[in-house]
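A short worksheet on the structure shown next.
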Amino acid sequence: MIRLTIDGQEVTVPQGTMIVDAAAKLGVDVPIYCYHQALGPLGACRMCLVEVEKMPKLATACTTAVSEGMVVRTSGPAVDKGRRGVLEFLLINHPLDCPVCDKGGECFLQDYTFEYGPGGGRFQEPKIEKVKDGPINPFVLIDQERCVLCQRCVRFMREYVGEEQLLLEGRGVETVVTTVEHEPATSQFTGNVIDLCPVGALLSAPYHHKGRPWNIEREESVCPHCPVGCTSKITAREGHVIRMEGRPIPDREWGWLCDRGRFGYDFGYHPDRLATSIVKGKENTAAQATRQVAEWLKTVVDQEGGRGVGFIIGGGHTTEEAYQLRRFAAEVIGTDQLAISRTEAGYLPRGLNGTFDDVKQADTVVLLGSDPYDTVPVVHLKLRDRLLHYPALRVIGLGPLPLTRDTLPGLDVLVPPGQESLALALAMAAQWPQNSDVQTLVGSLKEFELQGVTAQTLVQLGQYLQGAEHLVLLWDGKEPEMAMVLGVLARLREKPTAVLPTFGPANWRGYEHAGFSPRFEDLTAVLEKARDGEIKILMVFGADLLREYPNRQLVESAFNQVEYLVVEGILPPQGAQHVDALLPGAAWAEVYGTYINMEARLQVAMAGVQPPGQARPIKTYVNTWARMLMKPLNWDEEWDPFDDDSGDLLPFEPVPDHVVALAMPPEAVGPMTLVTGAFIWESGQPSEILVPRVPQFPGRINPAEVKDMGLSTKRGHIMVSQGSESIVVAVTADPQVPKGILWVPQGLFGTNHLIEGTVTISGVTEEVTV
Amino acid sequence: MKPEWKAWAQEAKNEFPRANSALMPLMHRIQLSEGWLSNETIRDVAELMELPVQYVESVASFYSLFHRQAVGKRVIHVCVGLSCALKGSDELMHALEERLGIKEGQTTEDGAYTLLEAECLAACDKAPMVQVNLRYEGPVRPEDAERLLSEEVPS
């Protein structure tokens, strides 16, 4: 540790700390543009000049490491003069167009000029004119005249994200930030440069000329689209959410967002947003619709009791709303048929659930069927962060498709679809052959040979699994038996083993905490009971089951069979003709509540705006129904989802240690297998802003498979059939995809008409090319 | 990509401990044979040097002697630094523009000449001076423009 004095105060910091961070520890603010803790020192902007005793000239606080006994002064005549000079230079070619700049009022160039700068410049020559409001891509604008060339954006994209799409072009006063070959930047993380830009150069296109700090209100929130639950801030103006920003939390989060989360905030204003109640296809008043549903509930409960009612929750509801619904179901209706709209069959026990702190310490990461870049993008960034600090990070992809990337290189072990848990178990059997749990796991696999994976690979995988000091596994939740295999692995390793579930819905852990069953079997059971006529009234909250549930036929027959189908949501679900009462719900940012993310961490999201029209929170609905059913709910005791002992993490629960033999996988019967997976652009609610960015041909297939199908270009449509069902899928020919695999995003193209497994593909007569 | 570039890249790499140090010699060599560096060439160079396209583009755009647009066989840089300006670089530029029938920044239709201005080329003793391809000439008075254009210049 190094002791030094800054502005007369003594501080002790670790060796290698820069003066600027040591000063921050004392609460002394040193002005900076180019330096960012996540990116490290650069020394490009010269704004952070400070006086260091015994140094002949002013030193940059961001590139000067502390030394024992150093005496630093961050203010004084010399420092002020230095900073004044730097600002005068920075402003020589600046257009001084603050009155029309989006950044006005929240701009470090303004703030520092006000604090340290000269009142006017002495430079009288004409200013150099550059591009204003030029595009980086459809979401990010660049005003090159306002740029101070701090290079934060360029370095973020190049070093941190690893996608080299921004560059400095030219030299001296002519230097500009632009994209490679002036093509739009395609990275998933481009929006972060808006937050990183200390001046008004990089701007959000959807927020352009929409508001300034004195017109807006900011609320702390959590991004609702995927299970990462990135900490964010809502910007609201006159009852509209008009922007999302990252919200850094010291020592925990950098505040990065992916573009899906940053620009996908407009779903509350979607043209199809429900704002009126619809009963039997007719618009109705909220009071009448609610009363009608209460009457149906009463009829069913009087005849059948509570077991005649089933509840399914999904979408973007808060933990509190799920709790209110659960209490209504239990206390007023008297049913325990409470399920979560799940898309995958797997469930992760709380005891195995890791946190992002595990990622920060990981030396080995295994991706089980999940490519974080496409499913939970910010976790990809967290892994990049780890890779920068620990270049030896070992990344292993295990799934039917390659899961590592240029930005996250590693080893890919390709296994046939649905055999990831078998591969993991066999690798464990190679490493721990004597262990009884492992023997039980692979007990019925004596005859089994994993296709395409050599025994040597399994041995190596087993060694990596045992050798890892801190193992993190990302799991897509597709194979239910994986949880058991992971449980055995965690017990065997005796070193930290953390699993992060990448499957949705985003707040499934919150719904579980509130008392809903997270098990896929229970969801299936509720649907089957509805199909078999045991459940008469199906109450669906926020879920779009015809899109989400993997077996569409079951949902359809359930919808056809139930007497009443009541759906609450913010957008009309698929198959609205089945719905007897469609009730408009309050969306994210319209209700206060907590969300529990993939770390099992509770995070608070404040409300920023009012729900539109008749839209209302779940609590309003259940209160009204409870009163009409003569069993009013008592909310006197407030439910606190936080736990006293475990803080914002859900309390730890032991992992069940029951182990059974893994079953032999079914024989593959055809040459083409359909595989679905989560895809961030399709997760969460749809956004109008993002339309230009959503991939139009997201299906992926090996080029050799579609060569004969008239796919003259790399992209096109193919017909995918199974039995009597057929769907048309927009695919991109991707040589990365192994032969025999067709990958389609979960929920798109009506994929759930088909069951994952063998399909046949054929050309579409009318070729659509782009 | 020209087949010989691979060998050139290797030769350049052999001279330096790190790939990015060899980048400029390679680009110079390629420009000498191609005349200028197109987007495609930049991509090829990036591939040869195993560097990001972004990095190569940044370097190429930083130096004014790397041409990112097609140029004529002879590139005339007229120094417009202070000494040359005082000695009449403006008149020289006008004279050259008139002779060549183009404006500063343009290339003659036959592809023989490109006329550019340059900030101080550090040869004030020769003011007003010009740089023709890589050779310094000076002093060049406006009336010498004709002579300058008729001279044989090694590329």
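Chain labels follow the order of the structure tokens: the first chain is A, the next B, and so on; residue numbering restarts at 1 in every chain, and ligands are counted from 1 in their shown order.
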Compile the residues of chain A that lie within 7 Å of chain B, evaluated using only C-alpha atoms, and express the compilation as a short mmCIF file (atom, residue, chain, number, x, y, z; two decimals) with N, CA, C and O atoms, in the first residue's frame.
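As a result, selection.cif now contains:
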data_model
loop_
_atom_site.label_atom_id
_atom_site.label_comp_id
_atom_site.auth_asym_id
_atom_site.auth_seq_id
_atom_site.Cartn_x
_atom_site.Cartn_y
_atom_site.Cartn_z
N GLU A 164 -13.99 -4.07 -33.62
CA GLU A 164 -13.30 -2.84 -34.03
C GLU A 164 -14.10 -2.13 -35.09
O GLU A 164 -13.84 -2.27 -36.27
N GLN A 165 -15.10 -1.35 -34.68
CA GLN A 165 -15.97 -0.72 -35.65
C GLN A 165 -15.89 0.79 -35.67
O GLN A 165 -16.42 1.43 -36.54
N LEU A 166 -15.22 1.37 -34.66
CA LEU A 166 -15.04 2.82 -34.65
C LEU A 166 -13.56 3.12 -34.78
O LEU A 166 -12.73 2.34 -34.31
N LEU A 167 -13.24 4.24 -35.41
CA LEU A 167 -11.83 4.59 -35.50
C LEU A 167 -11.65 6.10 -35.54
O LEU A 167 -12.61 6.84 -35.79
N LEU A 168 -10.42 6.53 -35.28
CA LEU A 168 -10.05 7.92 -35.48
C LEU A 168 -9.50 8.00 -36.89
O LEU A 168 -8.58 7.27 -37.25
N GLU A 169 -10.05 8.92 -37.67
CA GLU A 169 -9.60 9.06 -39.05
C GLU A 169 -8.95 10.43 -39.18
O GLU A 169 -9.49 11.42 -38.69
N GLY A 170 -7.82 10.48 -39.87
CA GLY A 170 -7.16 11.76 -40.11
C GLY A 170 -6.18 12.11 -39.02
O GLY A 170 -5.83 11.28 -38.18
N ARG A 171 -5.75 13.36 -39.04
CA ARG A 171 -4.69 13.79 -38.13
C ARG A 171 -4.94 15.22 -37.69
O ARG A 171 -5.54 16.01 -38.42
N VAL A 180 -15.68 2.14 -39.55
CA VAL A 180 -14.82 1.52 -40.55
C VAL A 180 -15.51 1.58 -41.92
O VAL A 180 -16.65 1.15 -42.07
N GLU A 181 -14.84 2.18 -42.88
CA GLU A 181 -15.35 2.33 -44.25
C GLU A 181 -16.70 3.05 -44.28
O GLU A 181 -17.48 2.90 -45.23
#
Going by DSSP on the backbone, which residues of range 506-738 of chain A come out as alpha helix (DSSP H)? List them as a PyMOL selection string.
chain A and resi 508-514+520-531+545-548+552-561+618-628+703-706
Rank B:His94, B:Lys73, B:Arg147, B:Arg68 by their smallest atom-to-atom distance to Gly111 in chain B, using only C-alpha atoms, and report the top residue only.
B:Lys73
Who sits within 12 Å of Glu117 in chain B, only C-alpha atoms, same chain under 5 positions skipped, as a PyMOL selection string
chain B and resi 64-65+75-81+84-85+89-90+92-94+96-97+103-106+129-132
Taking 4 positions as the minimum chain separation for residues in the same chain, which residues sit within 7 Å of Tyr347 in chain A when counting only C-alpha atoms? Answer as a list in words.
Gly477, Pro480, Ala483 and Arg519 of chain A
Would you work out the distance separating CA of Glu4 in chain B from CA of Ala46 in chain B, expressed in Å to one decimal?
15.5 Å
Quote the spacing between CA of Ala23 in chain A and CA of Cys107 in chain A in Å to one decimal place.
21.5 Å
From A:Asp412, A:Glu217, A:Glu344, A:Glu556, residue lying nearest Leu367 in chain A [only C-alpha atoms]
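That would be A:Asp412, the residue with the smallest distance to Leu367 in chain A.
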